[in-house]
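Shown next: query_37.txt, given as compact mmCIF, C-alpha atoms.
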# COMPACT_ATOMS: atom_id res chain seq x y z
CA MET A 1 -15.42 -12.99 -13.66
CA ALA A 2 -12.80 -10.68 -12.06
CA GLY A 3 -14.73 -7.67 -13.33
CA SER A 4 -17.96 -8.75 -11.68
CA THR A 5 -16.33 -9.39 -8.29
CA VAL A 6 -14.72 -5.93 -8.47
CA LYS A 7 -18.09 -4.45 -9.29
CA SER A 8 -19.74 -6.23 -6.40
CA ALA A 9 -16.93 -5.02 -4.09
CA TYR A 10 -17.56 -1.47 -5.33
CA LEU A 11 -21.29 -1.84 -4.66
CA ARG A 12 -20.57 -3.23 -1.22
CA GLY A 13 -18.37 -0.19 -0.53
CA LEU A 14 -21.12 2.09 -1.80
CA ARG A 15 -23.60 0.41 0.52
CA ASP A 16 -21.25 0.64 3.52
CA GLY A 17 -20.30 4.24 2.67
CA ALA A 18 -23.86 5.51 2.16
CA PRO A 19 -24.76 5.67 5.88
CA PHE A 20 -21.75 7.92 6.48
CA VAL A 21 -23.51 10.53 4.36
CA LEU A 22 -25.83 11.07 7.32
CA VAL A 23 -22.82 12.04 9.40
CA VAL A 24 -20.59 13.75 6.86
CA MET A 25 -23.51 15.94 5.75
CA PRO A 26 -24.16 17.67 9.09
CA PHE A 27 -20.43 17.84 9.78
CA SER A 28 -19.73 19.59 6.48
CA LEU A 29 -22.80 21.78 6.94
CA LEU A 30 -21.53 22.74 10.38
CA PHE A 31 -18.11 23.61 8.96
CA GLY A 32 -19.75 25.97 6.49
CA VAL A 33 -21.69 27.63 9.32
CA VAL A 34 -18.64 27.94 11.58
CA ALA A 35 -16.38 29.21 8.78
CA MET A 36 -18.86 31.95 7.83
CA ASP A 37 -19.28 32.80 11.49
CA ALA A 38 -15.51 33.26 11.79
CA GLY A 39 -15.55 35.66 8.84
CA LEU A 40 -14.21 33.45 6.04
CA SER A 41 -15.52 33.86 2.50
CA LEU A 42 -17.39 31.05 0.75
CA THR A 43 -14.32 30.45 -1.47
CA GLU A 44 -12.06 30.18 1.57
CA ALA A 45 -14.44 27.75 3.30
CA MET A 46 -14.50 25.64 0.12
CA GLY A 47 -10.71 25.86 -0.07
CA PHE A 48 -10.56 24.12 3.30
CA ASN A 49 -13.12 21.48 2.34
CA VAL A 50 -11.55 20.55 -1.00
CA LEU A 51 -7.82 20.94 -0.24
CA VAL A 52 -7.74 19.67 3.35
CA ILE A 53 -10.77 17.27 3.67
CA ALA A 54 -10.08 16.64 7.34
CA GLY A 55 -12.94 17.97 9.44
CA ALA A 56 -11.38 17.84 12.88
CA SER A 57 -8.29 19.76 11.77
CA GLN A 58 -10.40 22.30 9.87
CA PHE A 59 -12.41 23.01 13.02
CA ALA A 60 -9.14 23.22 14.97
CA ALA A 61 -7.81 25.77 12.45
CA ILE A 62 -10.97 27.89 12.63
CA SER A 63 -10.95 27.84 16.42
CA GLN A 64 -7.28 28.94 16.51
CA MET A 65 -8.06 31.68 13.99
CA ASN A 66 -10.95 32.87 16.16
CA ASP A 67 -8.29 33.31 18.86
CA ASN A 68 -6.11 35.26 16.39
CA ALA A 69 -3.22 32.82 16.83
CA PRO A 70 -0.13 33.38 14.65
CA VAL A 71 -0.48 31.79 11.20
CA LEU A 72 2.30 29.27 11.92
CA VAL A 73 0.62 28.15 15.15
CA VAL A 74 -2.71 27.74 13.36
CA ILE A 75 -1.02 25.52 10.75
CA ALA A 76 0.98 23.52 13.30
CA THR A 77 -2.05 22.86 15.52
CA ALA A 78 -4.26 21.73 12.68
CA LEU A 79 -1.50 19.55 11.19
CA ALA A 80 -0.88 17.91 14.57
CA VAL A 81 -4.55 16.88 14.64
CA ASN A 82 -3.93 15.14 11.31
CA LEU A 83 -0.72 13.32 12.22
CA ARG A 84 -2.83 10.28 13.08
CA MET A 85 -3.37 9.88 9.34
CA ALA A 86 0.26 8.79 8.96
CA MET A 87 -0.95 5.67 10.77
CA TYR A 88 -3.89 5.36 8.35
CA SER A 89 -1.43 5.66 5.48
CA ALA A 90 0.77 2.95 7.00
CA ALA A 91 -2.20 0.69 7.71
CA LEU A 92 -3.20 0.74 4.03
CA VAL A 93 0.26 -0.25 2.75
CA PRO A 94 -0.28 -4.01 3.18
CA HIS A 95 -3.53 -3.68 1.17
CA PHE A 96 -2.62 -1.14 -1.53
CA GLY A 97 1.19 -1.02 -1.62
CA ALA A 98 1.31 -2.96 -4.91
CA LEU A 99 -0.69 -0.36 -6.85
CA PRO A 100 1.00 2.01 -9.35
CA PHE A 101 2.09 5.33 -7.80
CA TRP A 102 -0.63 7.49 -9.34
CA LYS A 103 -3.36 5.28 -7.91
CA ARG A 104 -1.75 5.38 -4.49
CA ALA A 105 -1.48 9.19 -4.82
CA VAL A 106 -5.24 9.46 -5.54
CA LEU A 107 -6.04 6.99 -2.77
CA ALA A 108 -4.00 9.07 -0.29
CA TYR A 109 -6.14 12.12 -1.10
CA LEU A 110 -9.29 10.09 -0.39
CA ASN A 111 -7.89 8.47 2.78
CA VAL A 112 -10.21 10.14 5.30
CA ASP A 113 -11.50 8.77 8.62
CA GLN A 114 -14.56 7.09 7.09
CA THR A 115 -12.98 5.50 3.99
CA TYR A 116 -10.08 4.28 6.10
CA ALA A 117 -12.19 2.88 8.96
CA ALA A 118 -14.74 1.15 6.71
CA SER A 119 -12.02 -0.35 4.47
CA VAL A 120 -9.81 -1.69 7.23
CA LEU A 121 -12.86 -3.26 8.88
CA GLU A 122 -13.93 -4.88 5.58
CA PHE A 123 -10.42 -6.12 4.68
CA GLU A 124 -10.07 -7.72 8.12
CA ARG A 125 -13.45 -9.36 7.66
CA ARG A 126 -12.62 -10.64 4.14
CA PRO A 127 -8.88 -11.27 3.92
CA GLU A 128 -9.39 -13.15 0.63
CA MET A 129 -10.21 -9.95 -1.32
CA SER A 130 -7.96 -9.25 -4.33
CA LEU A 131 -6.14 -5.94 -4.85
CA ASP A 132 -8.71 -4.78 -7.42
CA GLU A 133 -11.61 -5.77 -5.17
CA LYS A 134 -10.10 -3.81 -2.30
CA LEU A 135 -9.61 -0.79 -4.54
CA GLY A 136 -13.20 -1.13 -5.74
CA TYR A 137 -14.48 -1.32 -2.19
CA PHE A 138 -12.47 1.78 -1.13
CA ALA A 139 -13.72 3.74 -4.15
CA GLY A 140 -17.26 2.64 -3.33
CA VAL A 141 -17.01 4.03 0.21
CA ALA A 142 -15.54 7.32 -1.07
CA THR A 143 -18.17 7.82 -3.81
CA PRO A 144 -21.06 9.05 -1.65
CA ILE A 145 -18.92 10.71 1.04
CA ILE A 146 -16.57 13.05 -0.81
CA PRO A 147 -19.10 14.98 -2.98
CA VAL A 148 -21.35 15.43 0.05
CA TRP A 149 -18.38 16.73 2.04
CA TYR A 150 -17.65 19.28 -0.71
CA THR A 151 -21.17 20.52 -1.30
CA PHE A 152 -22.78 20.70 2.12
CA ALA A 153 -20.29 23.30 3.36
CA ILE A 154 -21.79 25.57 0.69
CA VAL A 155 -25.27 24.90 2.06
CA GLY A 156 -23.98 25.54 5.59
CA ALA A 157 -22.38 28.78 4.54
CA LEU A 158 -25.59 29.92 2.85
CA VAL A 159 -28.11 28.93 5.53
CA GLY A 160 -25.64 29.99 8.20
CA GLY A 161 -27.16 30.97 11.49
CA ALA A 162 -30.63 29.72 10.55
CA ILE A 163 -29.95 26.27 12.09
CA PRO A 164 -31.05 26.30 15.73
CA ASP A 165 -28.61 25.08 18.39
CA ALA A 166 -31.27 22.49 19.34
CA PHE A 167 -30.04 20.31 16.48
CA ALA A 168 -26.78 19.67 18.39
CA LEU A 169 -24.77 19.27 15.19
CA ASP A 170 -21.67 19.43 17.38
CA PHE A 171 -22.27 15.83 18.44
CA ALA A 172 -22.31 14.35 14.93
CA MET A 173 -18.58 13.63 15.03
CA PRO A 174 -18.48 11.91 18.45
CA ILE A 175 -21.46 9.74 17.45
CA THR A 176 -19.75 8.70 14.21
CA PHE A 177 -16.57 7.72 15.94
CA LEU A 178 -18.34 5.90 18.78
CA ALA A 179 -20.42 3.95 16.27
CA LEU A 180 -17.17 2.84 14.61
CA ILE A 181 -15.51 1.78 17.85
CA GLY A 182 -18.14 -0.77 18.98
CA PRO A 183 -17.68 -3.21 16.06
CA MET A 184 -13.87 -2.85 16.33
CA LEU A 185 -13.67 -4.30 19.84
CA LYS A 186 -13.34 -7.94 18.79
CA SER A 187 -10.76 -9.22 21.26
CA LEU A 188 -9.31 -8.52 24.69
CA ALA A 189 -6.32 -6.92 22.94
CA HIS A 190 -8.59 -4.47 21.07
CA VAL A 191 -10.41 -3.58 24.30
CA ALA A 192 -7.11 -3.08 26.13
CA ALA A 193 -5.86 -0.80 23.34
CA ALA A 194 -9.09 1.24 23.37
CA LEU A 195 -9.01 1.71 27.16
CA THR A 196 -5.34 2.70 27.06
CA SER A 197 -6.11 5.20 24.33
CA ILE A 198 -8.88 6.85 26.39
CA VAL A 199 -6.97 7.00 29.68
CA ALA A 200 -3.73 8.20 28.09
CA ALA A 201 -5.44 10.80 25.86
CA LEU A 202 -7.23 12.29 28.88
CA ALA A 203 -4.07 12.18 31.00
CA LEU A 204 -1.99 13.78 28.22
CA ALA A 205 -4.57 16.44 27.31
CA PHE A 206 -2.15 19.11 28.60
CA VAL A 207 0.41 18.28 25.89
CA PRO A 208 0.12 21.05 23.28
CA TRP A 209 -0.79 20.83 19.59
CA GLY A 210 -2.66 17.55 19.65
CA MET A 211 0.55 15.64 20.40
CA GLY A 212 -1.10 14.14 23.52
CA LEU A 213 -3.43 12.09 21.32
CA LEU A 214 -0.51 10.82 19.26
CA LEU A 215 1.41 9.75 22.34
CA ALA A 216 -1.74 8.09 23.70
CA ALA A 217 -2.27 6.27 20.39
CA ALA A 218 1.33 5.06 20.39
CA CYS A 219 0.91 3.68 23.94
CA ALA A 220 -2.40 2.04 22.98
CA MET A 221 -0.88 0.34 19.91
CA VAL A 222 1.93 -1.09 22.03
CA VAL A 223 -0.57 -2.32 24.64
CA GLY A 224 -2.77 -3.93 21.96
CA ALA A 225 0.19 -5.68 20.33
CA ALA A 226 1.57 -6.76 23.72
CA VAL A 227 -1.77 -8.21 24.88
CA GLU A 228 -2.10 -10.05 21.54
CA GLY A 229 1.38 -11.53 22.01
CA TRP A 230 0.60 -12.47 25.62
CA MET A 231 -2.69 -14.17 24.65
CA GLU A 232 -0.93 -16.26 21.99
CA ARG A 233 1.53 -17.62 24.53
CA MET K 1 -10.61 37.25 13.52
CA SER K 2 -8.13 39.61 11.88
CA TYR K 3 -6.34 37.95 8.98
CA ALA K 4 -5.60 39.27 5.51
CA PRO K 5 -6.84 37.00 2.70
CA TRP K 6 -3.23 35.98 1.90
CA GLN K 7 -2.81 34.78 5.49
CA ILE K 8 -6.01 32.74 5.33
CA TRP K 9 -4.87 31.18 2.04
CA THR K 10 -1.46 30.47 3.57
CA VAL K 11 -3.25 28.46 6.28
CA ILE K 12 -5.44 26.63 3.73
CA LEU K 13 -2.59 25.79 1.33
CA ALA K 14 -0.08 24.81 4.02
CA LEU K 15 -2.65 22.70 5.86
CA GLY K 16 -3.81 21.10 2.60
CA ALA K 17 -0.27 20.30 1.44
CA GLY K 18 0.85 19.11 4.89
CA THR K 19 -2.21 16.91 5.35
CA TYR K 20 -1.70 15.38 1.91
CA LEU K 21 1.96 14.68 2.66
CA ILE K 22 0.90 12.89 5.86
CA ARG K 23 -1.68 10.85 3.94
CA VAL K 24 0.72 9.92 1.15
CA SER K 25 3.70 9.29 3.48
CA PHE K 26 3.74 5.54 3.91
CA LEU K 27 1.39 4.67 1.07
CA GLY K 28 3.26 6.71 -1.53
CA LEU K 29 6.86 6.54 -0.40
CA ILE K 30 7.37 3.16 1.24
CA GLY K 31 5.26 1.23 -1.26
CA ASP K 32 5.09 -2.55 -1.24
CA ARG K 33 8.32 -3.32 0.59
CA PRO K 34 7.68 -6.12 3.09
CA MET K 35 7.02 -4.82 6.58
CA PRO K 36 8.27 -6.54 9.73
CA PRO K 37 5.66 -8.62 11.61
CA TRP K 38 5.92 -6.51 14.79
CA LEU K 39 5.02 -3.42 12.76
CA LEU K 40 2.03 -5.18 11.21
CA ARG K 41 0.94 -6.27 14.67
CA LEU K 42 1.12 -2.66 15.90
CA LEU K 43 -0.79 -1.41 12.86
CA ARG K 44 -3.61 -3.84 13.55
CA TYR K 45 -4.40 -1.67 16.57
CA THR K 46 -4.19 1.77 14.90
CA PRO K 47 -7.91 2.52 14.59
CA VAL K 48 -8.74 1.28 18.03
CA ALA K 49 -5.74 3.18 19.45
CA VAL K 50 -6.57 6.55 17.84
CA ILE K 51 -10.34 6.91 17.72
CA PRO K 52 -11.25 6.26 21.40
CA GLY K 53 -8.64 8.80 22.54
CA MET K 54 -9.92 11.34 20.04
CA VAL K 55 -13.56 10.90 21.00
CA ALA K 56 -13.22 10.69 24.81
CA PRO K 57 -12.64 14.43 25.45
CA LEU K 58 -15.38 15.32 22.94
CA VAL K 59 -17.86 13.20 24.93
CA LEU K 60 -16.73 14.12 28.44
CA PHE K 61 -16.23 17.84 27.80
CA PRO K 62 -18.50 18.80 24.87
CA ALA K 63 -17.57 22.18 23.39
CA ALA K 64 -21.27 22.99 22.82
CA THR K 65 -21.88 23.15 26.59
CA GLY K 66 -18.66 25.04 27.27
CA GLY K 67 -16.88 21.84 28.37
CA GLU K 68 -19.45 20.86 31.02
CA PRO K 69 -20.46 17.16 30.99
CA ASP K 70 -23.95 16.90 29.52
CA LEU K 71 -26.65 14.27 30.20
CA ALA K 72 -28.06 14.09 26.66
CA ARG K 73 -24.64 13.85 24.99
CA GLY K 74 -23.33 11.41 27.60
CA MET K 75 -26.33 9.09 27.24
CA ALA K 76 -26.15 9.33 23.44
CA ALA K 77 -22.50 8.26 23.66
CA VAL K 78 -23.31 5.28 25.91
CA VAL K 79 -26.17 4.13 23.64
CA THR K 80 -24.06 4.53 20.47
CA LEU K 81 -21.15 2.55 21.88
CA GLY K 82 -23.43 -0.10 23.43
CA LEU K 83 -25.44 -0.65 20.25
CA GLY K 84 -22.25 -0.88 18.22
CA LEU K 85 -20.83 -3.46 20.62
CA VAL K 86 -23.96 -5.60 20.70
CA THR K 87 -25.13 -5.39 17.07
CA LYS K 88 -21.76 -4.75 15.31
CA ASN K 89 -23.83 -2.44 13.11
CA THR K 90 -22.39 1.06 12.73
CA LEU K 91 -25.47 2.65 11.17
CA LEU K 92 -27.81 1.21 13.80
CA ALA K 93 -25.47 2.52 16.50
CA MET K 94 -25.47 6.00 14.93
CA ALA K 95 -29.25 6.03 14.57
CA GLY K 96 -29.73 4.92 18.18
CA GLY K 97 -27.26 7.54 19.39
CA ALA K 98 -28.93 10.34 17.42
CA ALA K 99 -32.40 9.26 18.63
CA THR K 100 -31.18 9.26 22.24
CA LEU K 101 -29.53 12.65 21.82
CA TYR K 102 -32.60 14.32 20.33
CA SER K 103 -35.08 12.66 22.75
CA LEU K 104 -33.09 13.77 25.78
CA LEU K 105 -32.42 17.26 24.41
CA PHE K 106 -36.17 17.56 23.80
CA LEU K 107 -37.23 16.12 27.17
CA VAL K 108 -34.54 17.57 29.42
CA GLY K 109 -33.40 20.54 27.34
Entire entry expressed as structure tokens:
Amino acid sequence: MAGSTVKSAYLRGLRDGAPFVLVVMPFSLLFGVVAMDAGLSLTEAMGFNVLVIAGASQFAAISQMNDNAPVLVVIATALAVNLRMAMYSAALVPHFGALPFWKRAVLAYLNVDQTYAASVLEFERRPEMSLDEKLGYFAGVATPIIPVWYTFAIVGALVGGAIPDAFALDFAMPITFLALIGPMLKSLAHVAAALTSIVAALALAFVPWGMGLLLAAACAMVVGAAVEGWMER
Amino acid sequence: MSYAPWQIWTVILALGAGTYLIRVSFLGLIGDRPMPPWLLRLLRYTPVAVIPGMVAPLVLFPAATGGEPDLARGMAAVVTLGLGLVTKNTLLAMAGGAATLYSLLFLVG
């Protein structure tokens, strides 16, 4: 019976991951367009998509390179954008910490915004899931997303400037993230954390290298945890 | 842009390796050691602490308009967030947001 529940968890992940294709596709396409525009080769654009798989940081790198920033600054800026993933990594430990190392190593590679967000939401909703079911669910979410992320940059690079600005592909990422936030706001503590995050990130926008967002996130986590503690009292 | 191919590949490889190290940090190195309850409580708020702060400047100062607030993008953001809150359905929220964005871009330009 264990096998069939794992399979159904995988299928559930597949179902929950499939809609993200609609978002990952234009985002990857757009990266291909932007990378070509900046003067990268197709191989270099694919290098980013396969070795980094972190859209926001890839766009940050391209934008710094368009400004001819020193190589070290390009790397530092883009990495700072990704520091938030240390928190994703930590958040998955209670769910996947018991897996053998090689599985955790593969999981880490696939731990992108969408797989992380969908999984954490699902595991909170169904705390009774077993380790194998959770792994199945995570793999299910990754299955449609990752190949689309790889391949649509190629399409973007090839069709390049043919996509009119009217399609507003730039707004695909904000819409994805906003659509994820709504269902997350389940308690006063979550709302307080979200508001803190917004206010602090805007106030700390002057802090260089994406560190402002990290500081804002740290404040927001403390506020969320504090409000939760206060509500329990 | 004026980089030699080796410089571009330095960026790609360093960013790829660094990003992977960040992703594998806790999951790969700390493993299944029990974590203190206060840390778990903090982690419960990670997504909701990171994503709103990341998305707020993108909505308020969209790069596509040169950082000027934009009616179509602003309304799309409000509809996406509102639908997500009310329906708890991410896909529906995304569809509503995209429909709002395209309708307003078409109507208002």
* Asked: What lies within 10 Å of Ala153 of chain A using only C-alpha atoms, ignoring chain neighbours under 6 positions off, as a PyMOL selection string?
  -> chain A and resi 25-36+42+45-46+48-49+159-160
* To do: With a cut-off of 7 Å and counting only C-alpha atoms, select all residues of chain K in contact with chain A and give the selection as a PyMOL selection string.
  => chain K and resi 1-2+7+11-12+14-16+18-20+22-28+31-32+41-43+45-46+48-59+64+77+80-82+84-85+88-91+93-94+97
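Checking A:Gly13, A:Ser8, A:Val24, A:Ser130 one by one against Thr151 of chain A, counting only C-alpha atoms, you find the shortest gap at A:Val24.
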* **Non-local contacts of Tyr137 of chain A (7 Å; only C-alpha atoms; under 2 positions in same chain excluded) as number ranges by chain** => A: 9-10, 12-13, 133-135, 139-141
Six-sided padding of 6 Å per side, axis-aligned box over segment 47-59 of chain K, centre and edges in Å, one decimal, as lines of an AutoDock Vina configuration file:
center_x = -11.8
center_y = 8.3
center_z = 20.0
size_x = 24.1
size_y = 26.0
size_z = 22.9
* So what do you get for atom CA of Ala98 of chain K versus atom CA of Ala76 of chain K, distance-wise? -> 6.7 Å
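The spacing separating atom CA of Thr143 of chain A from atom CA of Leu131 of chain A amounts to 18.3 Å.
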* Structure fact -> Of A:Gly17, A:Ser119, A:Ala60, A:Gly3, the one nearest to Pro47 of chain K when counting all atoms listed in the file is A:Ser119
* Structure fact -> If you count all atoms listed in the file, the residue of A:Pro144, A:Trp149, A:Leu158, A:Met231 closest to Ser187 of chain A turns out to be A:Met231
